[in-house]
Amino acid sequence: MSDRDKLYETLKNAKDCKSLLKKNLTDELFEQLKDKKTKFGGSLADCIRSGCQNLDSGVGIYACDPDAYTVFAPVLNKVIQDYHKTSSVSHPEPDFGDIDNLEFSDLDPEGKLIASTRVRVGRSHDSFGFPPVLTKEDRVNMEKTSLEALNTLEGDLKGTYFPLQGMSKEIQSKLTEDHFLFNDSDRFLKAAGGYDDWPIGRGIFHNKDKTFLVWVNEEDHLRLISMQMGGDLGQVYARLVKAIKTLEKKLSFARLPNMGYLTFCPSNLGTTLRASVHIRIPKVSALPNFNDICAKHNLQARGIHGEHTQSVGGIYDISNKRRMGLTEIEAVQEMRIGVEKIIELEKSLQ
Ligand code: ADP
Ligand code: CIR
C-alpha cells in the first residue's frame, strides 16, 4: 500500500478522532484529490500527513504550498468554513485602520493585570512553497530573500538577524523562556515537515529593545511580531502595521481575494493576525465557565508558553480567535473589547 493510502486508512480507522480533516475528507473527496499535484509539486499526502499521524489534531490539515488552497480547495474550503465558522470562504480587503488615530491605547493603565501585549501576523512569499515541498536550498534562498528586505528597515524597526544555526543552547533557551523565540517542540508541525532541515534557514530578526521581531522559517515563512511589556495595545499594533506596510513594498506575499493572506495552517488564513495579552486573571480563570466566557467574546485562552501549554500562576495568553472574514483593525478591536470585558469581570470578583 502506498504511503498516501496508509495515511488515509489510519485516518479512516480512527474511532475517536475529532479533527476537521477527519470530518471533511470523505472517500469521494479522497478519490478526487489523491493524485493531484500543485505547481510546487505538493500532494494531498503532504497536506494530511500531520493529521493522520496525530489523530488528536484539532484541524489536521496543512497547505503544502500556496497553490494547495486552489488545487485542494474541495477539502480545504470545508475545513476553512468549519474552523472560521463562516458559511462561505470569503474575506474582506485588508484594512489596518488609521494607526495615527486609533481609538484605543493602554488596556491596563494602572499596570495591574496585563504583563505584556503582543500582536503578530504571518506572511508567505508567493514564490516559495510551504515546509512539505521545500528543499534545503529553498530554505536558504528564502532566508536570503527575507533578510534583504528586513535589513532595509529603519528607525525603531531596524534590527539584527540571529540565525538559529550556531546559536548556543543557552541563548536559545533564554530567548524562548522570555517569549521571544520559537523552538522545534510542536509534534503537529514536526509531522507536517515544519522542522525538516532544522535549524537551516531559520532565525530571528529583532530590534535593539526586542519590541519588533521577525521569525524566519518557523511555521510560516515570516512571522512579524510587535510586543512590549504592559498593556499598550495601540503602540504595539501601530508598530506592527508600520512594519507590514514597509515590507509589503519590498516583498511579494501570497494572497487570494477570497482568503486573504495565505499561511501554512488554514487556521491562520485571512488577516493571520493574533493579538494577545499575558494577563493575570486568577478569579475569572477559576470560574467553571471560563472557556464559555472566552468563546462568547470570540477570544482564545492559551498557556503562557504558547499554544498547547499550561497557564502559570493564573496568567493566561488571551487573544482574538477569529482571523478570517474580518479586517485587521476589526480583529484587534474584537480582542480589545473582549479583554476589557474580562478585566471588568476580574475586578468585579475581587
Ligand atoms: P503564535 O501562534 O502567536 O506564534 P504561540 O502561542 O506559539 O503563538 O506563542 C509564541 C510565543 O509568543 C510564546 O513564547 C508565547 O509565550 C509568546 N507570547 C504570546 N503572546 C504573548 C504576550 N502577550 N506577551 C508575551 N509573550 C507572548
Ligand atoms: C492541529 O490540527 O491541532 C494542529 N495542526 C495545530 C492547528 C492550529 N495551530 C497552528 O497552526 N499552530
# chains A, B, ... in the order shown; residues from 1 in each chain; ligands from 1
>>> residues_near_ligand(ligand="ligand 2", cutoff="12 Å", atoms="only C-alpha atoms and all ligand atoms", output="JSON, numbers by chain")
{"A": [17, 18, 19, 20, 21, 22, 47, 48, 49, 50, 51, 52, 53, 54, 55, 56, 57, 58, 59, 60, 61, 62, 63, 79, 80, 83, 84, 122, 182, 185, 186, 187, 188, 189, 190, 191, 192, 193, 194, 218, 219, 220, 223, 263, 264, 265, 266, 267, 268, 269, 272, 274, 302, 306, 307, 308, 321]}
>>> write_last_selection(atoms="C-alpha atoms", output="JSON list (two decimals), in the first residue's frame")
[["chain", "number", "residue", "atom", "x", "y", "z"],
["A", 17, "CYS", "CA", -10.65, 11.39, 16.06],
["A", 18, "LYS", "CA", -12.40, 14.76, 16.14],
["A", 19, "SER", "CA", -10.27, 16.70, 13.67],
["A", 20, "LEU", "CA", -11.73, 18.82, 10.91],
["A", 21, "LEU", "CA", -9.74, 16.70, 8.47],
["A", 22, "LYS", "CA", -11.45, 13.52, 9.64],
["A", 47, "CYS", "CA", -1.23, 18.16, 3.42],
["A", 48, "ILE", "CA", -2.78, 15.42, 5.56],
["A", 49, "ARG", "CA", 0.31, 13.67, 6.98],
["A", 50, "SER", "CA", 0.26, 15.53, 10.30],
["A", 51, "GLY", "CA", -3.46, 15.00, 10.87],
["A", 52, "CYS", "CA", -3.20, 11.27, 10.06],
["A", 53, "GLN", "CA", -0.18, 10.77, 12.31],
["A", 54, "ASN", "CA", -1.63, 12.91, 15.11],
["A", 55, "LEU", "CA", -5.20, 11.77, 15.46],
["A", 56, "ASP", "CA", -5.74, 14.22, 18.33],
["A", 57, "SER", "CA", -5.29, 17.14, 15.91],
["A", 58, "GLY", "CA", -7.92, 19.85, 16.01],
["A", 59, "VAL", "CA", -7.52, 20.86, 12.37],
["A", 60, "GLY", "CA", -5.39, 18.03, 10.94],
["A", 61, "ILE", "CA", -4.52, 19.54, 7.58],
["A", 62, "TYR", "CA", -1.85, 21.98, 6.39],
["A", 63, "ALA", "CA", -1.46, 23.51, 2.92],
["A", 79, "VAL", "CA", -12.08, 22.84, 6.83],
["A", 80, "ILE", "CA", -11.75, 26.62, 6.49],
["A", 83, "TYR", "CA", -12.70, 26.46, 11.58],
["A", 84, "HIS", "CA", -13.57, 30.06, 10.84],
["A", 122, "GLY", "CA", 2.16, 35.54, 9.28],
["A", 182, "PHE", "CA", 10.40, 29.58, 18.78],
["A", 185, "SER", "CA", 8.86, 21.04, 20.01],
["A", 186, "ASP", "CA", 5.43, 21.03, 18.30],
["A", 187, "ARG", "CA", 4.71, 17.44, 17.20],
["A", 188, "PHE", "CA", 1.90, 18.54, 14.85],
["A", 189, "LEU", "CA", 4.22, 20.87, 12.99],
["A", 190, "LYS", "CA", 7.03, 18.29, 13.06],
["A", 191, "ALA", "CA", 4.87, 15.67, 11.33],
["A", 192, "ALA", "CA", 3.93, 18.24, 8.69],
["A", 193, "GLY", "CA", 7.59, 18.72, 7.78],
["A", 194, "GLY", "CA", 7.82, 22.01, 9.68],
["A", 218, "GLU", "CA", 9.30, 28.87, 11.77],
["A", 219, "GLU", "CA", 5.78, 27.63, 10.88],
["A", 220, "ASP", "CA", 5.35, 30.35, 8.26],
["A", 223, "ARG", "CA", 6.01, 35.88, 11.39],
["A", 263, "THR", "CA", -0.41, 30.62, 5.61],
["A", 264, "PHE", "CA", 0.80, 27.04, 6.14],
["A", 265, "CYS", "CA", -2.06, 26.24, 8.54],
["A", 266, "PRO", "CA", -5.60, 27.08, 7.37],
["A", 267, "SER", "CA", -6.40, 28.27, 10.91],
["A", 268, "ASN", "CA", -4.23, 31.34, 10.33],
["A", 269, "LEU", "CA", -5.62, 32.46, 6.96],
["A", 272, "THR", "CA", -3.32, 35.99, 10.02],
["A", 274, "ARG", "CA", -3.26, 37.19, 16.60],
["A", 302, "ARG", "CA", -3.65, 29.71, 25.86],
["A", 306, "GLY", "CA", 2.27, 29.29, 23.65],
["A", 307, "GLU", "CA", -0.27, 27.03, 22.06],
["A", 308, "HIS", "CA", -0.71, 23.66, 23.78],
["A", 321, "LYS", "CA", -9.81, 33.67, 17.94]]
>>> select_by_dssp(residues="stretch 83-298 of chain A", states="strand (DSSP E or B)", output="MDAnalysis selection string")
chainID A and resid 106 114:123 125 159:163 203:207 212:216 222:229 232 253 255:256 260:261 270 274:280
>>> write_last_selection(atoms="N, CA and C atoms", output="short mmCIF file (atom, residue, chain, number, x, y, z; two decimals), in the first residue's frame")
data_model
loop_
_atom_site.label_atom_id
_atom_site.label_comp_id
_atom_site.auth_asym_id
_atom_site.auth_seq_id
_atom_site.Cartn_x
_atom_site.Cartn_y
_atom_site.Cartn_z
N ASP A 106 -3.83 52.07 26.01
CA ASP A 106 -3.43 51.13 27.07
C ASP A 106 -4.65 50.46 27.66
N ILE A 114 -2.18 43.28 33.19
CA ILE A 114 -1.53 42.85 31.95
C ILE A 114 0.00 42.93 32.08
N ALA A 115 0.64 41.77 31.86
CA ALA A 115 2.10 41.74 31.94
C ALA A 115 2.70 42.22 30.62
N SER A 116 2.15 41.76 29.51
CA SER A 116 2.70 42.14 28.21
C SER A 116 1.66 41.98 27.11
N THR A 117 1.92 42.67 25.99
CA THR A 117 1.00 42.66 24.85
C THR A 117 1.79 42.32 23.60
N ARG A 118 1.18 41.52 22.73
CA ARG A 118 1.88 41.08 21.51
C ARG A 118 0.88 41.00 20.37
N VAL A 119 1.26 41.45 19.19
CA VAL A 119 0.42 41.24 18.01
C VAL A 119 1.33 40.67 16.92
N ARG A 120 0.85 39.60 16.26
CA ARG A 120 1.66 39.01 15.19
C ARG A 120 0.81 38.75 13.96
N VAL A 121 1.49 38.77 12.82
CA VAL A 121 0.87 38.27 11.59
C VAL A 121 1.84 37.30 10.93
N GLY A 122 1.32 36.43 10.08
CA GLY A 122 2.16 35.54 9.28
C GLY A 122 2.16 36.04 7.85
N ARG A 123 3.27 35.86 7.16
CA ARG A 123 3.34 36.21 5.74
C ARG A 123 4.13 35.14 5.00
N HIS A 125 5.99 34.15 1.21
CA HIS A 125 6.44 34.60 -0.11
C HIS A 125 5.62 33.85 -1.15
N GLY A 159 16.92 46.30 12.83
CA GLY A 159 17.33 45.22 13.73
C GLY A 159 18.48 44.39 13.19
N THR A 160 18.73 43.29 13.89
CA THR A 160 19.83 42.39 13.55
C THR A 160 19.27 40.98 13.43
N TYR A 161 19.84 40.20 12.53
CA TYR A 161 19.38 38.82 12.35
C TYR A 161 20.29 37.85 13.10
N PHE A 162 19.66 36.93 13.81
CA PHE A 162 20.40 35.90 14.54
C PHE A 162 19.96 34.53 14.02
N PRO A 163 20.80 33.90 13.17
CA PRO A 163 20.41 32.57 12.66
C PRO A 163 20.41 31.55 13.80
N GLY A 203 15.76 31.56 11.80
CA GLY A 203 16.41 32.54 12.66
C GLY A 203 15.44 33.59 13.14
N ILE A 204 15.99 34.50 13.92
CA ILE A 204 15.15 35.59 14.46
C ILE A 204 15.83 36.93 14.20
N PHE A 205 15.02 37.87 13.74
CA PHE A 205 15.49 39.23 13.49
C PHE A 205 14.81 40.08 14.56
N HIS A 206 15.57 40.93 15.24
CA HIS A 206 14.86 41.82 16.18
C HIS A 206 15.57 43.14 16.38
N ASN A 207 14.78 44.14 16.78
CA ASN A 207 15.37 45.45 17.06
C ASN A 207 16.06 45.40 18.42
N PHE A 212 10.18 44.70 18.23
CA PHE A 212 9.80 44.25 16.89
C PHE A 212 10.68 43.05 16.55
N LEU A 213 10.02 41.94 16.24
CA LEU A 213 10.76 40.71 15.97
C LEU A 213 10.19 40.01 14.73
N VAL A 214 11.04 39.31 14.04
CA VAL A 214 10.56 38.54 12.89
C VAL A 214 11.09 37.12 13.01
N TRP A 215 10.19 36.16 13.00
CA TRP A 215 10.61 34.75 12.98
C TRP A 215 10.74 34.34 11.53
N VAL A 216 11.92 33.84 11.18
CA VAL A 216 12.16 33.43 9.80
C VAL A 216 12.11 31.90 9.71
N LEU A 222 7.41 33.92 7.26
CA LEU A 222 7.70 35.06 8.13
C LEU A 222 6.59 35.20 9.16
N ARG A 223 6.96 35.43 10.37
CA ARG A 223 6.01 35.88 11.39
C ARG A 223 6.51 37.25 11.85
N LEU A 224 5.71 38.26 11.62
CA LEU A 224 6.08 39.62 12.04
C LEU A 224 5.43 39.85 13.40
N ILE A 225 6.22 40.25 14.37
CA ILE A 225 5.75 40.33 15.75
C ILE A 225 6.10 41.68 16.36
N SER A 226 5.10 42.29 17.01
CA SER A 226 5.38 43.50 17.79
C SER A 226 4.96 43.20 19.21
N MET A 227 5.79 43.47 20.17
CA MET A 227 5.42 43.18 21.56
C MET A 227 6.15 44.10 22.54
N GLN A 228 5.56 44.27 23.69
CA GLN A 228 6.22 45.04 24.75
C GLN A 228 5.56 44.75 26.08
N MET A 229 6.23 45.12 27.15
CA MET A 229 5.67 44.93 28.49
C MET A 229 4.49 45.88 28.66
N ASP A 232 -0.15 48.48 26.43
CA ASP A 232 -0.40 49.49 25.40
C ASP A 232 -0.59 48.86 24.01
N PHE A 253 3.82 38.95 -1.28
CA PHE A 253 3.26 37.95 -0.38
C PHE A 253 2.09 37.20 -1.03
N ARG A 255 -1.43 35.73 -1.52
CA ARG A 255 -2.77 36.17 -1.08
C ARG A 255 -3.79 35.69 -2.09
N LEU A 256 -4.98 35.40 -1.65
CA LEU A 256 -6.09 35.12 -2.57
C LEU A 256 -7.23 36.05 -2.18
N GLY A 260 -7.66 36.07 1.77
CA GLY A 260 -6.69 36.96 2.41
C GLY A 260 -5.28 36.39 2.28
N TYR A 261 -4.44 36.67 3.25
CA TYR A 261 -3.05 36.19 3.21
C TYR A 261 -3.01 34.69 3.47
N GLY A 270 -6.33 34.63 6.22
CA GLY A 270 -7.13 35.86 6.30
C GLY A 270 -6.26 37.01 6.74
N ARG A 274 -2.92 37.59 15.24
CA ARG A 274 -3.26 37.19 16.60
C ARG A 274 -2.75 38.27 17.55
N ALA A 275 -3.69 38.93 18.22
CA ALA A 275 -3.34 39.97 19.19
C ALA A 275 -3.58 39.39 20.57
N SER A 276 -2.54 39.39 21.41
CA SER A 276 -2.70 38.73 22.71
C SER A 276 -2.17 39.58 23.85
N VAL A 277 -2.72 39.31 25.03
CA VAL A 277 -2.13 39.85 26.27
C VAL A 277 -1.78 38.68 27.17
N HIS A 278 -0.71 38.83 27.92
CA HIS A 278 -0.46 37.93 29.04
C HIS A 278 -1.10 38.63 30.24
N ILE A 279 -2.14 38.03 30.76
CA ILE A 279 -2.95 38.73 31.75
C ILE A 279 -3.20 37.85 32.98
N ARG A 280 -3.09 38.49 34.15
CA ARG A 280 -3.28 37.76 35.42
C ARG A 280 -4.76 37.82 35.79
#
>>> closest_residue(among="A:Ser348, A:Thr211, A:Ser168, A:Asn101", to="ligand 1", atoms="only C-alpha atoms and all ligand atoms")
A:Thr211
>>> select_by_dssp(residues="stretch 142-176 of chain A", states="alpha helix (DSSP H)", output="list in words")
Met142, Glu143, Lys144, Thr145, Ser146, Leu147, Glu148, Ala149, Leu150, Lys169, Glu170, Ile171, Gln172, Ser173, Lys174, Leu175 and Thr176 of chain A
>>> write_last_selection(atoms="C-alpha atoms", output="CSV table (one decimal), in the first residue's frame")
chain,number,residue,atom,x,y,z
A,142,MET,CA,14.1,32.2,1.2
A,143,GLU,CA,16.0,33.2,4.3
A,144,LYS,CA,18.3,35.4,2.0
A,145,THR,CA,15.3,37.0,0.2
A,146,SER,CA,13.7,37.8,3.6
A,147,LEU,CA,16.9,39.2,5.0
A,148,GLU,CA,17.5,41.5,2.1
A,149,ALA,CA,14.1,43.2,2.9
A,150,LEU,CA,14.5,43.1,6.7
A,169,LYS,CA,21.6,26.3,23.5
A,170,GLU,CA,21.8,28.7,26.5
A,171,ILE,CA,20.9,31.8,24.3
A,172,GLN,CA,18.1,29.8,22.6
A,173,SER,CA,16.6,28.7,25.9
A,174,LYS,CA,16.8,32.1,27.4
A,175,LEU,CA,15.1,33.7,24.3
A,176,THR,CA,12.4,31.1,24.3
>>> closest_residue(among="A:Asp65, A:Asp16, A:Glu28, A:Glu344", to="A:Gly42", atoms="only C-alpha atoms")
A:Asp65
